[in-house]
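Worksheet: the structure to be examined is printed underneath.
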Amino acid sequence: MPAAKRGLARPLRRALDKRPPPVDKRTARMRITLFVPCFIDSLYPHVAISMVQIFERLGHEVVYPENQTCCGQPPFNSGFWDEARVVAAKQIAVFQDAEVVVSGSGSCGAMFKVFYPELFKDTPQIDAAKALAAKTFEFSEFLVNQLGVKDVGAKYEGRVTFHDGCHGLRELGTKAAPRELLRHVKGLELVEMGEAESCCGFGGMFAVKYPQISTAMAEVKCNSILEADVETVVSNDSSCLMQIAGYLNRNSPRNIRSLHLAEVLAQTGA
């Protein structure tokens with residue numbers, strides 16, 4: 001598991017080493033620990049780097065524990081709870097001293113916040129699991145509801161639609177926060193698609209076990225994106241965006257970008 005984190009450690013360390021001074025020192029009051037899911041680490045490291053840039057633009061200190069690993073969601077979702085506890089216990093230990101933990105994924109953030117207390121129920125680690133759950137936040141919810149920030153000084157030109165990832169929406173209740181942030185991006189026009197809350201069909205192992213159903217669900221989602229007539233689809237989950245981008249790249253007559261919310265908010269037009 002630790003080897004899986006090598007992909008992000010080097011570029012993220014470089015980003016941390018090139019920190020610009022905070023734009024507003026009055027906000028430099030929190031020490032934010034990043035929880036970077038495996039998907040972002042392995043395939044989309046720029047999402048984590050964008051989160052660093054945004055928090056430091058706001059004047060906060062960012063910490064990235066390089067010994068963090070998988071949250072344990074794959075074995076948890078597959079019914080292998082004993083194996084999931086082994087992985088999850090490592091995460092609890094890694095983040096036990098963090099002031100706050102911010103995740104760039106609604107899916108993996110829900111694992112910490114919702115499912116760890118369930119996973120460790122009636123075990124000696126239940127109090128530690130609850131403590132981690134209480135201080136873990138999804139990226140957009142943390143910005144809007146904890147920091148009270150809606151405008152991060154971003155600029156992004158174009159028509160954009162937002163995809164609600166299932167765990168972020170249904171387990172964490174994340175709906176308004178990402179949209180508030182997007183509405184404050186200069187040059188951005190937010191267009192709601194008809195199937196914003198429909199599952200994209202990824203679901204981790206679901207897409208592997210049931211590829212035909214997964215593809216049919218992606219078709220519904222992507223047709224809705226095309227009907228919205230946008231240039232970019234944005235989400236809080238890179239795994240959903242991979243599913244959407246994969247379908248659009250093969251079936252769309254138009255080139256539609258797929259970006260994590262942090263990637264949009266990190267852009268300043270400079």
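Ordering of the structure tokens sets the chain letters (A, B, ...), residue numbers begin anew at 1 in every chain, and ligands are numbered from 1 in the order given.
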List the spatial neighbours of Ser252 (chain A) as a compact mmCIF listing (two decimals) with C-alpha atoms, in the first residue's frame - criterion: any atom at most 9 Å away, only C-alpha atoms, same-chain residues fewer than 3 positions off excluded.
```txt
# COMPACT_ATOMS: atom_id res chain seq x y z
CA CYS A 222 -23.19 11.84 -20.74
CA ASN A 223 -26.22 12.45 -22.94
CA LEU A 226 -24.26 16.96 -24.09
CA TYR A 247 -17.48 7.57 -22.40
CA LEU A 248 -17.40 11.07 -23.90
CA ASN A 249 -14.03 10.50 -25.56
CA ASN A 255 -14.57 17.81 -27.09
CA ILE A 256 -15.79 18.30 -23.52
```
- For Arg159 (chain A), please output as a PyMOL selection string all residues within 12 Å (counting only C-alpha atoms; exclusion window: fewer than 4 positions along the same chain). chain A and resi 182-183+185-193+225-226+228-234+256-257
Convert the current residue selection to file output with C-alpha atoms, as a PDB file, in the first residue's frame.
```pdb
ATOM      1  CA  LEU A 182     -18.463  27.791  -9.154  1.00  0.00           C
ATOM      2  CA  ARG A 183     -20.898  30.728  -9.237  1.00  0.00           C
ATOM      3  CA  VAL A 185     -15.608  32.013 -10.537  1.00  0.00           C
ATOM      4  CA  LYS A 186     -15.088  34.923 -12.917  1.00  0.00           C
ATOM      5  CA  GLY A 187     -16.040  34.141 -16.526  1.00  0.00           C
ATOM      6  CA  LEU A 188     -17.775  30.862 -15.644  1.00  0.00           C
ATOM      7  CA  GLU A 189     -21.399  30.160 -16.522  1.00  0.00           C
ATOM      8  CA  LEU A 190     -22.890  27.310 -14.480  1.00  0.00           C
ATOM      9  CA  VAL A 191     -25.493  25.294 -16.388  1.00  0.00           C
ATOM     10  CA  GLU A 192     -27.435  22.581 -14.574  1.00  0.00           C
ATOM     11  CA  MET A 193     -27.880  19.353 -16.516  1.00  0.00           C
ATOM     12  CA  ILE A 225     -24.058  16.619 -20.304  1.00  0.00           C
ATOM     13  CA  LEU A 226     -24.257  16.963 -24.088  1.00  0.00           C
ATOM     14  CA  ALA A 228     -26.611  21.022 -21.487  1.00  0.00           C
ATOM     15  CA  ASP A 229     -24.380  22.337 -24.298  1.00  0.00           C
ATOM     16  CA  VAL A 230     -21.321  22.963 -22.124  1.00  0.00           C
ATOM     17  CA  GLU A 231     -17.570  22.944 -22.699  1.00  0.00           C
ATOM     18  CA  THR A 232     -16.631  21.468 -19.310  1.00  0.00           C
ATOM     19  CA  VAL A 233     -18.031  18.982 -16.803  1.00  0.00           C
ATOM     20  CA  VAL A 234     -16.871  19.404 -13.195  1.00  0.00           C
ATOM     21  CA  ILE A 256     -15.786  18.298 -23.524  1.00  0.00           C
ATOM     22  CA  ARG A 257     -13.220  18.784 -20.763  1.00  0.00           C
TER      23      ARG A 257
END
```
- Nearest to Val102 (chain A) by atom-to-atom distance, counting only C-alpha atoms, from A:Gln73, A:Thr33, A:Gln68, A:Gln125: A:Thr33
- For Leu181 (chain A), list every protein, DNA or RNA residue within 8 Å, evaluated using only C-alpha atoms, and leave out those in the same chain fewer than 2 positions away; present the list as a ChimeraX atom specification. /A:140,144,150-152,177-179,183-185,265
Please dump the current selection as a PDB file, in the first residue's frame; keep C-alpha atoms.
```pdb
ATOM      1  CA  SER A 140     -15.932  22.132  -1.137  1.00  0.00           C
ATOM      2  CA  VAL A 144     -17.801  27.074   2.185  1.00  0.00           C
ATOM      3  CA  LYS A 150     -17.203  31.244  -1.582  1.00  0.00           C
ATOM      4  CA  ASP A 151     -14.852  33.282  -3.768  1.00  0.00           C
ATOM      5  CA  VAL A 152     -11.275  31.982  -3.969  1.00  0.00           C
ATOM      6  CA  ALA A 177     -21.202  24.119  -1.672  1.00  0.00           C
ATOM      7  CA  PRO A 178     -19.542  23.254  -5.013  1.00  0.00           C
ATOM      8  CA  ARG A 179     -22.143  25.273  -6.882  1.00  0.00           C
ATOM      9  CA  ARG A 183     -20.898  30.728  -9.237  1.00  0.00           C
ATOM     10  CA  HIS A 184     -18.158  32.967  -7.864  1.00  0.00           C
ATOM     11  CA  VAL A 185     -15.608  32.013 -10.537  1.00  0.00           C
ATOM     12  CA  LEU A 265     -10.758  26.951  -8.538  1.00  0.00           C
TER      13      LEU A 265
END
```
Could you build a table of the residues in region 139-233 of chain A lying no more than 10 Å from region 41-55 of chain A, giving for each the nearest pair of atoms and their separation in Å rounded to one decimal place, using only C-alpha atoms, ordered by chain and ascending residue number, as a Markdown table?
```
| residue | atom | partner | partner_atom | distance |
| --- | --- | --- | --- | --- |
| A:Phe139 | CA | A:Met51 | CA | 8.1 |
| A:Leu143 | CA | A:Phe55 | CA | 8.8 |
| A:Val152 | CA | A:Ile54 | CA | 7.1 |
| A:Gly153 | CA | A:Ile54 | CA | 9.1 |
| A:Ala154 | CA | A:Ile54 | CA | 9.2 |
```
Using only C-alpha atoms, what table do you get, as a Markdown table, when you list each residue of region 16-98 of chain A with an atom no more than 9 Å from region 106-117 of chain A, its nearest pair of atoms, and their distance in Å rounded to one decimal, rows by chain then rising number?
```
| residue | atom | partner | partner_atom | distance |
| --- | --- | --- | --- | --- |
| A:Phe35 | CA | A:Gly109 | CA | 8.2 |
| A:Val36 | CA | A:Cys108 | CA | 8.8 |
| A:Pro37 | CA | A:Cys108 | CA | 6.5 |
| A:Cys70 | CA | A:Cys108 | CA | 8.9 |
| A:Cys71 | CA | A:Cys108 | CA | 6.7 |
| A:Gly72 | CA | A:Met111 | CA | 8.0 |
| A:Gln73 | CA | A:Met111 | CA | 6.6 |
| A:Phe76 | CA | A:Phe115 | CA | 8.9 |
| A:Arg85 | CA | A:Tyr116 | CA | 8.6 |
| A:Ala88 | CA | A:Tyr116 | CA | 7.6 |
| A:Gln91 | CA | A:Phe112 | CA | 8.9 |
| A:Ile92 | CA | A:Phe112 | CA | 8.8 |
```
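Using only C-alpha atoms, the smallest distance between any of A:Leu241, A:Ile126, A:Val94, A:Val101 and Phe39 (chain A) comes from A:Leu241.
Taking CA of Phe162 (chain A) as the reference point, CA of Cys200 (chain A) is found at 12.1 Å.
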- In region 43-261 of chain A, DSSP strand (DSSP E or B) residues written as a PyMOL selection string: chain A and resi 61-63+100-103+136-138+155-163+186-190+232-235+257-260
Quick one: write out the picked residues with C-alpha atoms as an mmCIF file, in the first residue's frame?
```cif
data_model
loop_
_atom_site.group_PDB
_atom_site.id
_atom_site.type_symbol
_atom_site.label_atom_id
_atom_site.label_comp_id
_atom_site.auth_asym_id
_atom_site.auth_seq_id
_atom_site.Cartn_x
_atom_site.Cartn_y
_atom_site.Cartn_z
ATOM 1 C CA GLU A 61 -0.772 25.886 6.177
ATOM 2 C CA VAL A 62 -1.062 22.598 4.286
ATOM 3 C CA VAL A 63 0.294 19.258 5.489
ATOM 4 C CA VAL A 100 -8.671 18.993 10.353
ATOM 5 C CA VAL A 101 -8.568 16.514 7.473
ATOM 6 C CA VAL A 102 -9.750 17.582 4.019
ATOM 7 C CA SER A 103 -10.457 15.079 1.238
ATOM 8 C CA THR A 136 -12.887 15.104 8.231
ATOM 9 C CA PHE A 137 -14.437 17.302 5.548
ATOM 10 C CA GLU A 138 -14.988 17.135 1.811
ATOM 11 C CA LYS A 155 -11.138 32.757 -13.200
ATOM 12 C CA TYR A 156 -12.302 30.216 -15.769
ATOM 13 C CA GLU A 157 -14.007 31.072 -19.048
ATOM 14 C CA GLY A 158 -16.823 28.932 -20.396
ATOM 15 C CA ARG A 159 -20.066 27.074 -19.830
ATOM 16 C CA VAL A 160 -19.756 24.447 -17.095
ATOM 17 C CA THR A 161 -22.048 21.781 -15.674
ATOM 18 C CA PHE A 162 -21.627 19.934 -12.380
ATOM 19 C CA HIS A 163 -21.904 16.192 -11.722
ATOM 20 C CA LYS A 186 -15.088 34.923 -12.917
ATOM 21 C CA GLY A 187 -16.040 34.141 -16.526
ATOM 22 C CA LEU A 188 -17.775 30.862 -15.644
ATOM 23 C CA GLU A 189 -21.399 30.160 -16.522
ATOM 24 C CA LEU A 190 -22.890 27.310 -14.480
ATOM 25 C CA THR A 232 -16.631 21.468 -19.310
ATOM 26 C CA VAL A 233 -18.031 18.982 -16.803
ATOM 27 C CA VAL A 234 -16.871 19.404 -13.195
ATOM 28 C CA SER A 235 -17.161 17.099 -10.187
ATOM 29 C CA ARG A 257 -13.220 18.784 -20.763
ATOM 30 C CA SER A 258 -13.591 17.003 -17.427
ATOM 31 C CA LEU A 259 -12.078 18.798 -14.431
ATOM 32 C CA HIS A 260 -12.122 18.356 -10.684
#
```
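Between CA of Asp164 (chain A) and CA of Glu197 (chain A) the separation is 5.2 Å.
If you count only C-alpha atoms and ignore residues fewer than 2 places along the chain from Pro74 (chain A), what sits within 10 Å of it is Cys70, Cys71, Gly72, Phe76, Asn77, Ser78, Gly79, Phe80, Trp81, Glu83, Ala84, Gly203, Gly204 and Met205 of chain A.
Those residues that approach Phe202 (chain A) to within 10 Å, counting only C-alpha atoms, are Gly165, Cys166, Phe206, Ala207, Val208, Tyr210, Pro211, Ile213, Ser214, Thr215, Met217, Ala218, Ser239, Cys240, Leu241, Met242, Gln243 and Ile244 of chain A; same-chain residues fewer than 4 positions away are not listed.
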- Message: Please identify the helix (DSSP H, G or I) residues within region 79-202 of chain A (assignment by DSSP from backbone atoms) and present them as a ChimeraX atom specification.
- Response: /A:81-94,106-119,126-134,139-146,166-171,176-183
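The closest residue to Lys135 (chain A), picked from A:Ile40, A:Val264, A:Leu119, A:Leu34 and counting only C-alpha atoms, is A:Leu34.
One finds CA of His167 (chain A) at 15.3 Å from CA of Glu118 (chain A).
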